[in-house]
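Each remark here refers to the structure printed beneath this line.
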Amino acid sequence: MKKTLKNVFKNVTILKKIGFISNKFIVGIYIHSNNVKKNSMFFAKKGEITDGHEFINEAIKRGANTIVCEKIPICINKNITYILVKNTIVSLGIISSNFYDNPTKKIKLIGITGTNGKTSIATILHQLFYKMGEDNILISTIEIRILSNKYKTIHTTPNIIDINKYLYLGIKKKCKYAFIEVSSHGIDQKRIYGLLFKGGVFTNITHDHLDYHKSFHHYLFTKKFFFNSLPNKSFALINCDDKHYDKIIKEISAKLYSYGLKKNADFNAKILQTNFYGSSILINGHKIFTSLIGKFNVYNILASYATSILLGKKKDEILKIINEIKPVNGRFEQFLSNSGIRVIVDYAHNPNGLKTIIKSIKEIKKKNVRLICVIGCGGNRDVIKRSLMGKIVYEECDISIFTSDNPREEDPYKIFMDMKNFSSYIEKKPILTILSRKKAIKTAIKIANKNKKYIILIAGKGHENYQEIKGSRYPFNDIKIIKNFLNKK
């Protein structure tokens with residue numbers, strides 16, 4: 001792909017130009033100097049650890065012919081174009097959109113944000129629209145998918161260059177819709193700046209990511225900023241059962257719609273019956289069955305139904321297809337051995353997500369069936385939530401097994417201490433602490449194998465296929481481990 005500087009700098013506020021040639025072309029844009037290709041543009045952005053301005057010369061050596069920066073280098077290369085801007089990240093949003101022909105002007109982009117439920121709703125919408133014959137793009141924590149093509153993803157919300165690139169590729173393949181998870185980090189770091197959203201969906205907001213946001217107020221404000229930024233021709237679909245609903249909807253100029261189970265809403269659902277095979281529910285008075293389990297998934301289904309309606313899809317067509325929607329990988333994903341051991345894998349990695357999944361299991365399991373939970377907490381992340389999660393598992397589950405998650409740079413035993421740092425009026429058997437996650441899972445299955453009246457919940461990693469330890473990622477997948485152990489029983 002090739003674009004002239006005149007085209008890519010359209011609508012960008014420029015403070016100073018050095019060596020600017022309007023018909024000079026670039027073939028790519030980069031924020032990491034080691035990725036730079038010949039005749040490309042490099043953005044010198046200030047990061048939390050490093051400053052991209054220190055890598056300008058490295059980018060030029062690798063072939064960059066244009067530099068966008070917040071301060072002009074002392075030594076100027078006469079063959080290079082330097083563009084001074086106030087904020088490189090803001091400029092990056094506009095320029096990357098221009099480079100990829102402003103894809104969000106040609107596609108209906110829906111952003112889903114909230115503490116829990118983002119991946120499920122985005123994936124359900126992707127499945128729904130695909131089954132309705134609408135080619136679409138999915139950008140989620142689990143994967144990026146354009147038709148049958150899958151792309152790996154590291155962040156919940158990719159950088160703005162990649163988002164525009166995937167949207168551009170999708171449009172080339174005739175996609176008309178795109179569903180993207182919008183994380184609080186992505187909003188705060190302006191990874192969605194310059195995108196035009198047709199609509200936004202708010203799931204819920206509870207304790208999470210306070211290592212980054214420092215306060216719940218900032219976390220809430222960041223989520224709210226996304227909806228305040230939606231244009232008045234867009235729609236905002238908000239979960240009215242969330243206790244922060246009134247704060248979220250303030251100053252929204254987009255068309256406001258609500259969904260919920262408890263209160264009167266534009267889109268309402270009622271649970272008729274739920275078990276380990278699925279849920280029978282009413283959506284605005286229409287009875288349907290879904291193989292997705294638990295109240296939290298009813299919210300996800302309802303939000304997906306409402307979004308589809310707001311995008312102009314017919315009610316009867318949506319309701320007919322919902323029962324074909326498959327569970328999302330690593331989200332209440334079940335496995336049942338021949339001997340009757342039931343194991344549930346879920347990505348729950350914050351207090352509310354964990355409490356919700358445990359409550360859902362307890363609501364549908366038989367009273368004489370006990371619950372084992374294998375759980376860990378991530379290193380170098382929100383320390384406060386560790387004891388909250390530890391207490392939830394200890395008080396709500398019959399057997400608690402604390403193990404390693406993604407310890408990253410931290411000592412796992414320090415994480416265990418944090419998880420156990422709570423007081424409780426309940427006296428139970430001691431918590432089992434097993435450093436090896438594989439051994440922890442094996443132990444849970446061994447206990448359940450001796451007494452079939454157990455259900456096992458493996459929480460925290462869900463779809464992830466690695467463990468991050470001391471700066472390296474090692475292959476590890478809860479689901480593969482479970483299948484291997486269950487097949488041996």
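Naming works like this for the structure tokens: A, B, ... for the chains as they're shown, residue 1 at the start of each chain, ligands 1 onward in shown order.
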Note to self: If we count only C-alpha atoms and set the cut-off at 12 Å, which residues sit around range 246-251 of chain A, ignoring sequence neighbours fewer than 3 positions away in its own chain? Please answer as a ChimeraX atom specification.
What the structure shows: /A:113-114,200-205,217,219-232,235-243,254-258
Requested write-out: N, CA and C atoms of the selected residues, as a short mmCIF file (atom, residue, chain, number, x, y, z; two decimals), in the first residue's frame:
data_model
loop_
_atom_site.label_atom_id
_atom_site.label_comp_id
_atom_site.auth_asym_id
_atom_site.auth_seq_id
_atom_site.Cartn_x
_atom_site.Cartn_y
_atom_site.Cartn_z
N THR A 113 -17.74 -2.38 25.66
CA THR A 113 -16.86 -2.12 26.79
C THR A 113 -17.55 -2.46 28.11
N GLY A 114 -16.75 -2.65 29.15
CA GLY A 114 -17.25 -3.04 30.46
C GLY A 114 -16.23 -3.95 31.13
N GLY A 200 -22.15 1.84 20.66
CA GLY A 200 -21.36 1.35 21.78
C GLY A 200 -22.24 0.58 22.75
N VAL A 201 -21.69 -0.49 23.34
CA VAL A 201 -22.43 -1.32 24.29
C VAL A 201 -21.69 -1.32 25.62
N PHE A 202 -22.41 -1.04 26.70
CA PHE A 202 -21.85 -1.08 28.05
C PHE A 202 -22.39 -2.29 28.79
N THR A 203 -21.49 -3.15 29.29
CA THR A 203 -21.91 -4.38 29.96
C THR A 203 -22.09 -4.17 31.46
N ASN A 204 -21.05 -3.74 32.15
CA ASN A 204 -21.07 -3.56 33.60
C ASN A 204 -19.73 -2.97 34.01
N ILE A 205 -19.63 -2.53 35.25
CA ILE A 205 -18.33 -2.07 35.73
C ILE A 205 -18.19 -2.41 37.20
N HIS A 217 -12.85 5.60 40.44
CA HIS A 217 -13.42 6.79 39.78
C HIS A 217 -12.79 6.99 38.40
N TYR A 219 -11.30 4.70 36.59
CA TYR A 219 -11.72 3.55 35.77
C TYR A 219 -13.11 3.81 35.19
N LEU A 220 -14.03 4.26 36.04
CA LEU A 220 -15.40 4.56 35.59
C LEU A 220 -15.40 5.72 34.59
N PHE A 221 -14.64 6.76 34.89
CA PHE A 221 -14.60 7.92 34.01
C PHE A 221 -14.08 7.53 32.62
N THR A 222 -13.09 6.63 32.59
CA THR A 222 -12.51 6.20 31.31
C THR A 222 -13.56 5.49 30.46
N LYS A 223 -14.32 4.58 31.08
CA LYS A 223 -15.39 3.89 30.35
C LYS A 223 -16.43 4.91 29.87
N LYS A 224 -16.78 5.84 30.73
CA LYS A 224 -17.79 6.85 30.40
C LYS A 224 -17.33 7.74 29.24
N PHE A 225 -16.03 8.01 29.19
CA PHE A 225 -15.47 8.86 28.13
C PHE A 225 -15.77 8.29 26.75
N PHE A 226 -15.72 6.96 26.64
CA PHE A 226 -16.02 6.32 25.35
C PHE A 226 -17.43 6.67 24.89
N PHE A 227 -18.41 6.60 25.79
CA PHE A 227 -19.80 6.87 25.41
C PHE A 227 -20.04 8.37 25.19
N ASN A 228 -19.35 9.20 25.96
CA ASN A 228 -19.48 10.64 25.76
C ASN A 228 -18.91 11.07 24.40
N SER A 229 -18.01 10.23 23.86
CA SER A 229 -17.36 10.55 22.58
C SER A 229 -18.17 10.08 21.38
N LEU A 230 -19.20 9.28 21.60
CA LEU A 230 -20.01 8.78 20.48
C LEU A 230 -20.79 9.93 19.85
N PRO A 231 -20.82 10.02 18.53
CA PRO A 231 -21.59 11.09 17.86
C PRO A 231 -23.09 10.88 18.03
N ASN A 232 -23.87 11.94 17.82
CA ASN A 232 -25.32 11.86 18.07
C ASN A 232 -26.05 10.95 17.09
N PHE A 235 -25.57 4.98 18.43
CA PHE A 235 -26.42 4.56 19.55
C PHE A 235 -25.54 4.11 20.71
N ALA A 236 -26.07 4.27 21.92
CA ALA A 236 -25.41 3.79 23.14
C ALA A 236 -26.38 2.84 23.83
N LEU A 237 -25.98 1.57 23.94
CA LEU A 237 -26.80 0.54 24.56
C LEU A 237 -26.20 0.23 25.93
N ILE A 238 -26.95 0.54 27.00
CA ILE A 238 -26.41 0.50 28.35
C ILE A 238 -27.18 -0.50 29.22
N ASN A 239 -26.46 -1.28 30.00
CA ASN A 239 -27.06 -2.21 30.96
C ASN A 239 -27.63 -1.40 32.12
N CYS A 240 -28.96 -1.30 32.18
CA CYS A 240 -29.60 -0.47 33.21
C CYS A 240 -29.63 -1.15 34.57
N ASP A 241 -29.26 -2.43 34.65
CA ASP A 241 -29.19 -3.12 35.94
C ASP A 241 -27.89 -2.82 36.68
N ASP A 242 -26.91 -2.30 35.98
CA ASP A 242 -25.65 -1.95 36.64
C ASP A 242 -25.87 -0.74 37.54
N LYS A 243 -25.30 -0.79 38.74
CA LYS A 243 -25.57 0.27 39.73
C LYS A 243 -24.97 1.62 39.32
N ALA A 254 -25.30 10.43 22.00
CA ALA A 254 -25.79 9.37 21.11
C ALA A 254 -27.19 8.95 21.52
N LYS A 255 -27.89 8.25 20.63
CA LYS A 255 -29.23 7.76 20.94
C LYS A 255 -29.13 6.68 22.01
N LEU A 256 -29.83 6.89 23.13
CA LEU A 256 -29.68 6.03 24.30
C LEU A 256 -30.73 4.92 24.35
N TYR A 257 -30.25 3.70 24.56
CA TYR A 257 -31.14 2.54 24.74
C TYR A 257 -30.65 1.74 25.94
N SER A 258 -31.60 1.06 26.60
CA SER A 258 -31.24 0.28 27.78
C SER A 258 -31.62 -1.19 27.61
#
Next item on the list: Report the residues of range 241-273 of chain A whose backbone DSSP state falls under strand (DSSP E), written as a PyMOL selection string.
Entry: chain A and resi 255-260+267-273
Write out the residues from the selection above, keeping C-alpha atoms, as a PDB file, in the first residue's frame.
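Generated file (again_19.pdb):
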ATOM      1  CA  LYS A 255     -29.234   7.764  20.945  1.00  0.00           C
ATOM      2  CA  LEU A 256     -29.677   6.027  24.304  1.00  0.00           C
ATOM      3  CA  TYR A 257     -31.140   2.540  24.737  1.00  0.00           C
ATOM      4  CA  SER A 258     -31.242   0.282  27.785  1.00  0.00           C
ATOM      5  CA  TYR A 259     -31.262  -3.455  28.385  1.00  0.00           C
ATOM      6  CA  GLY A 260     -31.682  -5.474  31.570  1.00  0.00           C
ATOM      7  CA  PHE A 267     -34.795  -4.576  25.772  1.00  0.00           C
ATOM      8  CA  ASN A 268     -35.782  -6.904  28.592  1.00  0.00           C
ATOM      9  CA  ALA A 269     -35.167 -10.576  29.370  1.00  0.00           C
ATOM     10  CA  LYS A 270     -36.469 -13.059  31.918  1.00  0.00           C
ATOM     11  CA  ILE A 271     -34.926 -16.409  32.831  1.00  0.00           C
ATOM     12  CA  LEU A 272     -37.455 -19.246  32.744  1.00  0.00           C
ATOM     13  CA  GLN A 273     -35.089 -22.147  33.399  1.00  0.00           C
TER      14      GLN A 273
END
Checklist line | Selected residue of minimal separation from Ala59 in chain A among A:Ile180, A:Ile29, A:Lys78, A:Phe129, counting only C-alpha atoms | finding: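 For Ala59 in chain A, the nearest of the candidates is A:Ile29.
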Margin query: Here is a test: counting only C-alpha atoms, which residue of A:Phe296, A:Tyr454, A:Phe289, A:Tyr82 is nearest to Leu319 in chain A?
Written below: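 Looking only at the distances to Leu319 in chain A, the closest residue turns out to be A:Phe289.
For the choices A:Ile121, A:Met41, A:Ile456, A:Val374, the atom-to-atom distance to Asn300 in chain A is smallest for A:Ile121 when using only C-alpha atoms.
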Next item on the list: Enumerate, as a VMD selection string, the complete set of residues in range 29-268 of chain A that a backbone-based DSSP assignment places in helix (DSSP H, G or I).
Entry: chain A and resid 33 to 35 52 to 61 88 to 99 103 to 105 118 to 131 160 to 172 184 to 188 210 to 213 216 to 228 245 to 248
Next item on the list: Tell me which protein, DNA and RNA residues are within 12 Å of Ile56 in chain A, counting only C-alpha atoms, leaving out same-chain ones fewer than 6 positions away, and put them as a PyMOL selection string.
Entry: chain A and resi 30-34+36+41-45+62-77+80-82
Just to be explicit: take each residue in the selection above, keep N, CA and C atoms, and write the result as an mmCIF file, in the first residue's frame.
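Final output, selection.cif:
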data_model
loop_
_atom_site.group_PDB
_atom_site.id
_atom_site.type_symbol
_atom_site.label_atom_id
_atom_site.label_comp_id
_atom_site.auth_asym_id
_atom_site.auth_seq_id
_atom_site.Cartn_x
_atom_site.Cartn_y
_atom_site.Cartn_z
ATOM 1 N N TYR A 30 4.644 3.060 11.528
ATOM 2 C CA TYR A 30 5.114 2.217 12.623
ATOM 3 C C TYR A 30 5.325 3.023 13.904
ATOM 4 N N ILE A 31 5.146 2.337 15.042
ATOM 5 C CA ILE A 31 5.405 2.958 16.350
ATOM 6 C C ILE A 31 6.580 2.279 17.049
ATOM 7 N N HIS A 32 7.083 1.184 16.471
ATOM 8 C CA HIS A 32 8.260 0.500 17.012
ATOM 9 C C HIS A 32 9.375 0.542 15.964
ATOM 10 N N SER A 33 10.521 1.084 16.334
ATOM 11 C CA SER A 33 11.597 1.294 15.362
ATOM 12 C C SER A 33 12.110 0.001 14.747
ATOM 13 N N ASN A 34 12.064 -1.106 15.510
ATOM 14 C CA ASN A 34 12.592 -2.366 14.971
ATOM 15 C C ASN A 34 11.693 -2.991 13.903
ATOM 16 N N VAL A 36 10.292 -0.977 11.461
ATOM 17 C CA VAL A 36 10.284 -0.005 10.358
ATOM 18 C C VAL A 36 10.817 -0.617 9.065
ATOM 19 N N MET A 41 6.783 5.592 7.640
ATOM 20 C CA MET A 41 6.670 6.684 8.598
ATOM 21 C C MET A 41 6.818 6.138 10.016
ATOM 22 N N PHE A 42 7.610 6.839 10.832
ATOM 23 C CA PHE A 42 7.821 6.434 12.223
ATOM 24 C C PHE A 42 7.248 7.473 13.163
ATOM 25 N N PHE A 43 6.473 7.014 14.137
ATOM 26 C CA PHE A 43 5.885 7.880 15.159
ATOM 27 C C PHE A 43 6.691 7.762 16.439
ATOM 28 N N ALA A 44 7.269 8.878 16.874
ATOM 29 C CA ALA A 44 8.031 8.890 18.122
ATOM 30 C C ALA A 44 7.077 9.241 19.261
ATOM 31 N N LYS A 45 6.612 8.199 19.949
ATOM 32 C CA LYS A 45 5.663 8.444 21.031
ATOM 33 C C LYS A 45 6.317 8.147 22.377
ATOM 34 N N ARG A 62 16.700 2.183 9.459
ATOM 35 C CA ARG A 62 15.927 1.052 8.948
ATOM 36 C C ARG A 62 15.086 1.424 7.726
ATOM 37 N N GLY A 63 15.071 2.715 7.385
ATOM 38 C CA GLY A 63 14.394 3.099 6.148
ATOM 39 C C GLY A 63 13.264 4.097 6.262
ATOM 40 N N ALA A 64 12.971 4.590 7.456
ATOM 41 C CA ALA A 64 11.905 5.591 7.602
ATOM 42 C C ALA A 64 12.280 6.857 6.833
ATOM 43 N N ASN A 65 11.319 7.377 6.067
ATOM 44 C CA ASN A 65 11.592 8.630 5.338
ATOM 45 C C ASN A 65 10.822 9.809 5.929
ATOM 46 N N THR A 66 9.934 9.506 6.908
ATOM 47 C CA THR A 66 9.137 10.555 7.548
ATOM 48 C C THR A 66 9.058 10.271 9.048
ATOM 49 N N ILE A 67 9.270 11.308 9.860
ATOM 50 C CA ILE A 67 9.227 11.186 11.313
ATOM 51 C C ILE A 67 8.149 12.120 11.859
ATOM 52 N N VAL A 68 7.247 11.583 12.648
ATOM 53 C CA VAL A 68 6.252 12.394 13.351
ATOM 54 C C VAL A 68 6.649 12.419 14.819
ATOM 55 N N CYS A 69 6.809 13.618 15.373
ATOM 56 C CA CYS A 69 7.355 13.720 16.729
ATOM 57 C C CYS A 69 6.806 14.930 17.474
ATOM 58 N N GLU A 70 7.076 14.954 18.775
ATOM 59 C CA GLU A 70 6.655 16.077 19.614
ATOM 60 C C GLU A 70 7.809 17.036 19.877
ATOM 61 N N LYS A 71 9.018 16.606 19.500
ATOM 62 C CA LYS A 71 10.189 17.499 19.584
ATOM 63 C C LYS A 71 11.139 17.147 18.445
ATOM 64 N N ILE A 72 11.583 18.170 17.739
ATOM 65 C CA ILE A 72 12.467 17.976 16.586
ATOM 66 C C ILE A 72 13.875 17.614 17.077
ATOM 67 N N PRO A 73 14.484 16.577 16.523
ATOM 68 C CA PRO A 73 15.844 16.207 16.935
ATOM 69 C C PRO A 73 16.847 17.333 16.667
ATOM 70 N N ILE A 74 17.910 17.324 17.432
ATOM 71 C CA ILE A 74 18.950 18.356 17.250
ATOM 72 C C ILE A 74 19.625 18.195 15.886
ATOM 73 N N CYS A 75 19.943 16.948 15.551
ATOM 74 C CA CYS A 75 20.580 16.677 14.264
ATOM 75 C C CYS A 75 19.534 16.307 13.216
ATOM 76 N N ILE A 76 19.429 17.104 12.191
ATOM 77 C CA ILE A 76 18.424 16.910 11.148
ATOM 78 C C ILE A 76 19.058 16.228 9.929
ATOM 79 N N ASN A 77 18.389 15.231 9.415
ATOM 80 C CA ASN A 77 18.810 14.563 8.183
ATOM 81 C C ASN A 77 18.063 15.235 7.023
ATOM 82 N N ILE A 80 15.152 13.510 5.163
ATOM 83 C CA ILE A 80 14.010 13.049 5.964
ATOM 84 C C ILE A 80 13.012 14.176 6.175
ATOM 85 N N THR A 81 11.732 13.821 6.174
ATOM 86 C CA THR A 81 10.669 14.769 6.512
ATOM 87 C C THR A 81 10.368 14.654 8.001
ATOM 88 N N TYR A 82 10.363 15.806 8.690
ATOM 89 C CA TYR A 82 10.034 15.843 10.124
ATOM 90 C C TYR A 82 8.739 16.631 10.305
#
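Among the candidates A:Ile341, A:Ile139, A:Val298, A:Leu435, the one nearest to Ile154 in chain A when counting only C-alpha atoms is A:Ile139.
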Notebook entry, point to check: In terms of the shortest atom-to-atom distance over only C-alpha atoms, which of A:Cys175, A:Ile447, A:Leu486, A:Ile392 is closest to Lys108 in chain A?
Noted result: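 Closest to Lys108 in chain A of all the choices is A:Cys175.
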Check: For Tyr394 in chain A, which residue among A:Arg408, A:Lys438, A:Arg342, A:Lys428 is the nearest when counting only C-alpha atoms?
Finding: A:Lys428
Selection: 9 Å around Thr274 in chain A, only C-alpha atoms, excl. self and same-chain fewer than 2 positions, as an mmCIF file with C-alpha atoms, in the first residue's frame:
data_model
loop_
_atom_site.group_PDB
_atom_site.id
_atom_site.type_symbol
_atom_site.label_atom_id
_atom_site.label_comp_id
_atom_site.auth_asym_id
_atom_site.auth_seq_id
_atom_site.Cartn_x
_atom_site.Cartn_y
_atom_site.Cartn_z
ATOM 1 C CA ILE A 271 -34.926 -16.409 32.831
ATOM 2 C CA LEU A 272 -37.455 -19.246 32.744
ATOM 3 C CA PHE A 276 -25.929 -27.343 32.585
ATOM 4 C CA TYR A 277 -27.402 -27.798 29.117
ATOM 5 C CA GLY A 278 -28.525 -24.225 28.556
ATOM 6 C CA SER A 279 -31.117 -21.579 29.385
ATOM 7 C CA SER A 280 -34.752 -21.020 28.466
ATOM 8 C CA ILE A 281 -35.489 -17.294 28.451
ATOM 9 C CA ILE A 293 -25.472 -21.028 30.667
ATOM 10 C CA GLY A 294 -26.046 -18.655 33.584
ATOM 11 C CA LYS A 295 -27.572 -15.246 34.215
ATOM 12 C CA GLU A 363 -27.688 -22.020 41.182
ATOM 13 C CA ILE A 364 -27.866 -24.973 38.797
#
Margin query: Residues near Ile434 in chain A, anyone? I mean within 8 Å using only C-alpha atoms, not counting same-chain ones fewer than 3 positions away, as a PyMOL selection string.
Written below: chain A and resi 401-404+437+439-440
Selection to disk with N, CA and C atoms, as a short mmCIF file (atom, residue, chain, number, x, y, z; two decimals), in the first residue's frame:
data_model
loop_
_atom_site.label_atom_id
_atom_site.label_comp_id
_atom_site.auth_asym_id
_atom_site.auth_seq_id
_atom_site.Cartn_x
_atom_site.Cartn_y
_atom_site.Cartn_z
N ILE A 401 -8.19 -24.45 45.88
CA ILE A 401 -6.82 -24.75 45.47
C ILE A 401 -6.22 -23.50 44.83
N PHE A 402 -5.28 -22.88 45.55
CA PHE A 402 -4.61 -21.70 45.02
C PHE A 402 -3.37 -22.15 44.24
N THR A 403 -3.23 -21.61 43.04
CA THR A 403 -2.11 -22.01 42.19
C THR A 403 -1.60 -20.83 41.38
N SER A 404 -0.68 -21.10 40.49
CA SER A 404 -0.07 -20.05 39.69
C SER A 404 -0.97 -19.70 38.51
N ARG A 437 0.48 -25.21 38.15
CA ARG A 437 -0.94 -25.17 37.77
C ARG A 437 -1.38 -26.53 37.24
N LYS A 439 -0.26 -29.49 38.21
CA LYS A 439 -0.48 -30.36 39.37
C LYS A 439 -1.74 -29.98 40.13
N ALA A 440 -2.04 -28.69 40.16
CA ALA A 440 -3.24 -28.22 40.84
C ALA A 440 -4.49 -28.76 40.15
#
Margin query: If we count only C-alpha atoms and set the cut-off at 12 Å, which residues sit around Gly460 in chain A, ignoring sequence neighbours fewer than 6 positions away in its own chain? Please answer as a PyMOL selection string.
Written below: chain A and resi 330-332+344-351+353-354+357+373-378+386+389+402-406+437+467+477-478
Print the selection's residues with N, CA and C atoms to a file, as a PDB file, in the first residue's frame.
ATOM      1  N   GLY A 330     -13.310 -20.722  26.504  1.00  0.00           N
ATOM      2  CA  GLY A 330     -12.800 -20.293  27.803  1.00  0.00           C
ATOM      3  C   GLY A 330     -13.771 -19.495  28.629  1.00  0.00           C
ATOM      4  N   ARG A 331     -15.028 -19.417  28.202  1.00  0.00           N
ATOM      5  CA  ARG A 331     -16.072 -18.725  28.970  1.00  0.00           C
ATOM      6  C   ARG A 331     -17.145 -19.747  29.330  1.00  0.00           C
ATOM      7  N   PHE A 332     -17.154 -20.196  30.575  1.00  0.00           N
ATOM      8  CA  PHE A 332     -18.049 -21.258  31.057  1.00  0.00           C
ATOM      9  C   PHE A 332     -18.022 -22.434  30.069  1.00  0.00           C
ATOM     10  N   ILE A 344     -15.401 -27.077  34.581  1.00  0.00           N
ATOM     11  CA  ILE A 344     -15.779 -25.823  33.918  1.00  0.00           C
ATOM     12  C   ILE A 344     -14.565 -24.903  33.882  1.00  0.00           C
ATOM     13  N   VAL A 345     -14.267 -24.388  32.708  1.00  0.00           N
ATOM     14  CA  VAL A 345     -13.148 -23.456  32.533  1.00  0.00           C
ATOM     15  C   VAL A 345     -13.721 -22.065  32.261  1.00  0.00           C
ATOM     16  N   ASP A 346     -13.223 -21.084  33.004  1.00  0.00           N
ATOM     17  CA  ASP A 346     -13.714 -19.725  32.783  1.00  0.00           C
ATOM     18  C   ASP A 346     -12.589 -18.710  32.980  1.00  0.00           C
ATOM     19  N   TYR A 347     -12.677 -17.641  32.222  1.00  0.00           N
ATOM     20  CA  TYR A 347     -11.654 -16.594  32.210  1.00  0.00           C
ATOM     21  C   TYR A 347     -11.741 -15.682  33.439  1.00  0.00           C
ATOM     22  N   ALA A 348     -12.726 -15.892  34.302  1.00  0.00           N
ATOM     23  CA  ALA A 348     -12.955 -15.015  35.457  1.00  0.00           C
ATOM     24  C   ALA A 348     -11.638 -14.678  36.161  1.00  0.00           C
ATOM     25  N   HIS A 349     -11.243 -13.410  36.112  1.00  0.00           N
ATOM     26  CA  HIS A 349      -9.965 -13.008  36.696  1.00  0.00           C
ATOM     27  C   HIS A 349     -10.085 -11.722  37.514  1.00  0.00           C
ATOM     28  N   ASN A 350     -11.317 -11.396  37.894  1.00  0.00           N
ATOM     29  CA  ASN A 350     -11.551 -10.282  38.801  1.00  0.00           C
ATOM     30  C   ASN A 350     -12.655 -10.690  39.779  1.00  0.00           C
ATOM     31  N   PRO A 351     -12.804  -9.990  40.903  1.00  0.00           N
ATOM     32  CA  PRO A 351     -13.749 -10.418  41.940  1.00  0.00           C
ATOM     33  C   PRO A 351     -15.178 -10.624  41.456  1.00  0.00           C
ATOM     34  N   GLY A 353     -16.333 -11.098  38.334  1.00  0.00           N
ATOM     35  CA  GLY A 353     -16.409 -12.198  37.372  1.00  0.00           C
ATOM     36  C   GLY A 353     -16.368 -13.543  38.078  1.00  0.00           C
ATOM     37  N   LEU A 354     -15.508 -13.659  39.099  1.00  0.00           N
ATOM     38  CA  LEU A 354     -15.370 -14.902  39.854  1.00  0.00           C
ATOM     39  C   LEU A 354     -16.633 -15.191  40.655  1.00  0.00           C
ATOM     40  N   ILE A 357     -19.497 -16.333  38.265  1.00  0.00           N
ATOM     41  CA  ILE A 357     -19.401 -17.689  37.724  1.00  0.00           C
ATOM     42  C   ILE A 357     -19.691 -18.728  38.808  1.00  0.00           C
ATOM     43  N   CYS A 373     -12.561 -25.293  43.448  1.00  0.00           N
ATOM     44  CA  CYS A 373     -12.102 -24.198  42.575  1.00  0.00           C
ATOM     45  C   CYS A 373     -10.583 -24.134  42.563  1.00  0.00           C
ATOM     46  N   VAL A 374     -10.025 -24.124  41.356  1.00  0.00           N
ATOM     47  CA  VAL A 374      -8.593 -23.911  41.149  1.00  0.00           C
ATOM     48  C   VAL A 374      -8.430 -22.488  40.638  1.00  0.00           C
ATOM     49  N   ILE A 375      -7.670 -21.675  41.356  1.00  0.00           N
ATOM     50  CA  ILE A 375      -7.608 -20.256  41.032  1.00  0.00           C
ATOM     51  C   ILE A 375      -6.221 -19.685  41.308  1.00  0.00           C
ATOM     52  N   GLY A 376      -5.808 -18.722  40.510  1.00  0.00           N
ATOM     53  CA  GLY A 376      -4.581 -17.975  40.750  1.00  0.00           C
ATOM     54  C   GLY A 376      -4.820 -16.514  40.427  1.00  0.00           C
ATOM     55  N   CYS A 377      -3.854 -15.663  40.738  1.00  0.00           N
ATOM     56  CA  CYS A 377      -3.955 -14.242  40.390  1.00  0.00           C
ATOM     57  C   CYS A 377      -2.702 -13.835  39.627  1.00  0.00           C
ATOM     58  N   GLY A 378      -2.860 -12.931  38.689  1.00  0.00           N
ATOM     59  CA  GLY A 378      -1.744 -12.491  37.858  1.00  0.00           C
ATOM     60  C   GLY A 378      -0.747 -11.640  38.622  1.00  0.00           C
ATOM     61  N   ARG A 386      -6.513  -9.449  44.889  1.00  0.00           N
ATOM     62  CA  ARG A 386      -6.075 -10.813  45.209  1.00  0.00           C
ATOM     63  C   ARG A 386      -6.772 -11.362  46.450  1.00  0.00           C
ATOM     64  N   MET A 389     -10.492 -11.990  45.816  1.00  0.00           N
ATOM     65  CA  MET A 389     -10.743 -13.223  45.064  1.00  0.00           C
ATOM     66  C   MET A 389     -10.474 -14.454  45.924  1.00  0.00           C
ATOM     67  N   PHE A 402      -5.277 -22.880  45.554  1.00  0.00           N
ATOM     68  CA  PHE A 402      -4.607 -21.698  45.017  1.00  0.00           C
ATOM     69  C   PHE A 402      -3.374 -22.150  44.239  1.00  0.00           C
ATOM     70  N   THR A 403      -3.227 -21.608  43.043  1.00  0.00           N
ATOM     71  CA  THR A 403      -2.114 -22.015  42.186  1.00  0.00           C
ATOM     72  C   THR A 403      -1.599 -20.830  41.384  1.00  0.00           C
ATOM     73  N   SER A 404      -0.678 -21.102  40.491  1.00  0.00           N
ATOM     74  CA  SER A 404      -0.068 -20.054  39.686  1.00  0.00           C
ATOM     75  C   SER A 404      -0.965 -19.696  38.508  1.00  0.00           C
ATOM     76  N   ASP A 405      -1.007 -18.414  38.164  1.00  0.00           N
ATOM     77  CA  ASP A 405      -1.728 -17.930  36.984  1.00  0.00           C
ATOM     78  C   ASP A 405      -0.661 -17.482  35.986  1.00  0.00           C
ATOM     79  N   ASN A 406      -0.524 -16.178  35.803  1.00  0.00           N
ATOM     80  CA  ASN A 406       0.605 -15.601  35.068  1.00  0.00           C
ATOM     81  C   ASN A 406       1.410 -14.778  36.073  1.00  0.00           C
ATOM     82  N   ARG A 437       0.480 -25.210  38.152  1.00  0.00           N
ATOM     83  CA  ARG A 437      -0.935 -25.168  37.768  1.00  0.00           C
ATOM     84  C   ARG A 437      -1.382 -26.534  37.238  1.00  0.00           C
ATOM     85  N   GLN A 467       1.656 -19.456  29.907  1.00  0.00           N
ATOM     86  CA  GLN A 467       1.892 -18.889  31.228  1.00  0.00           C
ATOM     87  C   GLN A 467       3.062 -17.929  31.096  1.00  0.00           C
ATOM     88  N   ASN A 477      -2.183 -24.485  28.476  1.00  0.00           N
ATOM     89  CA  ASN A 477      -3.597 -24.287  28.175  1.00  0.00           C
ATOM     90  C   ASN A 477      -4.435 -25.156  29.109  1.00  0.00           C
ATOM     91  N   ASP A 478      -5.241 -24.499  29.941  1.00  0.00           N
ATOM     92  CA  ASP A 478      -6.078 -25.229  30.900  1.00  0.00           C
ATOM     93  C   ASP A 478      -6.910 -26.309  30.217  1.00  0.00           C
TER      94      ASP A 478
END
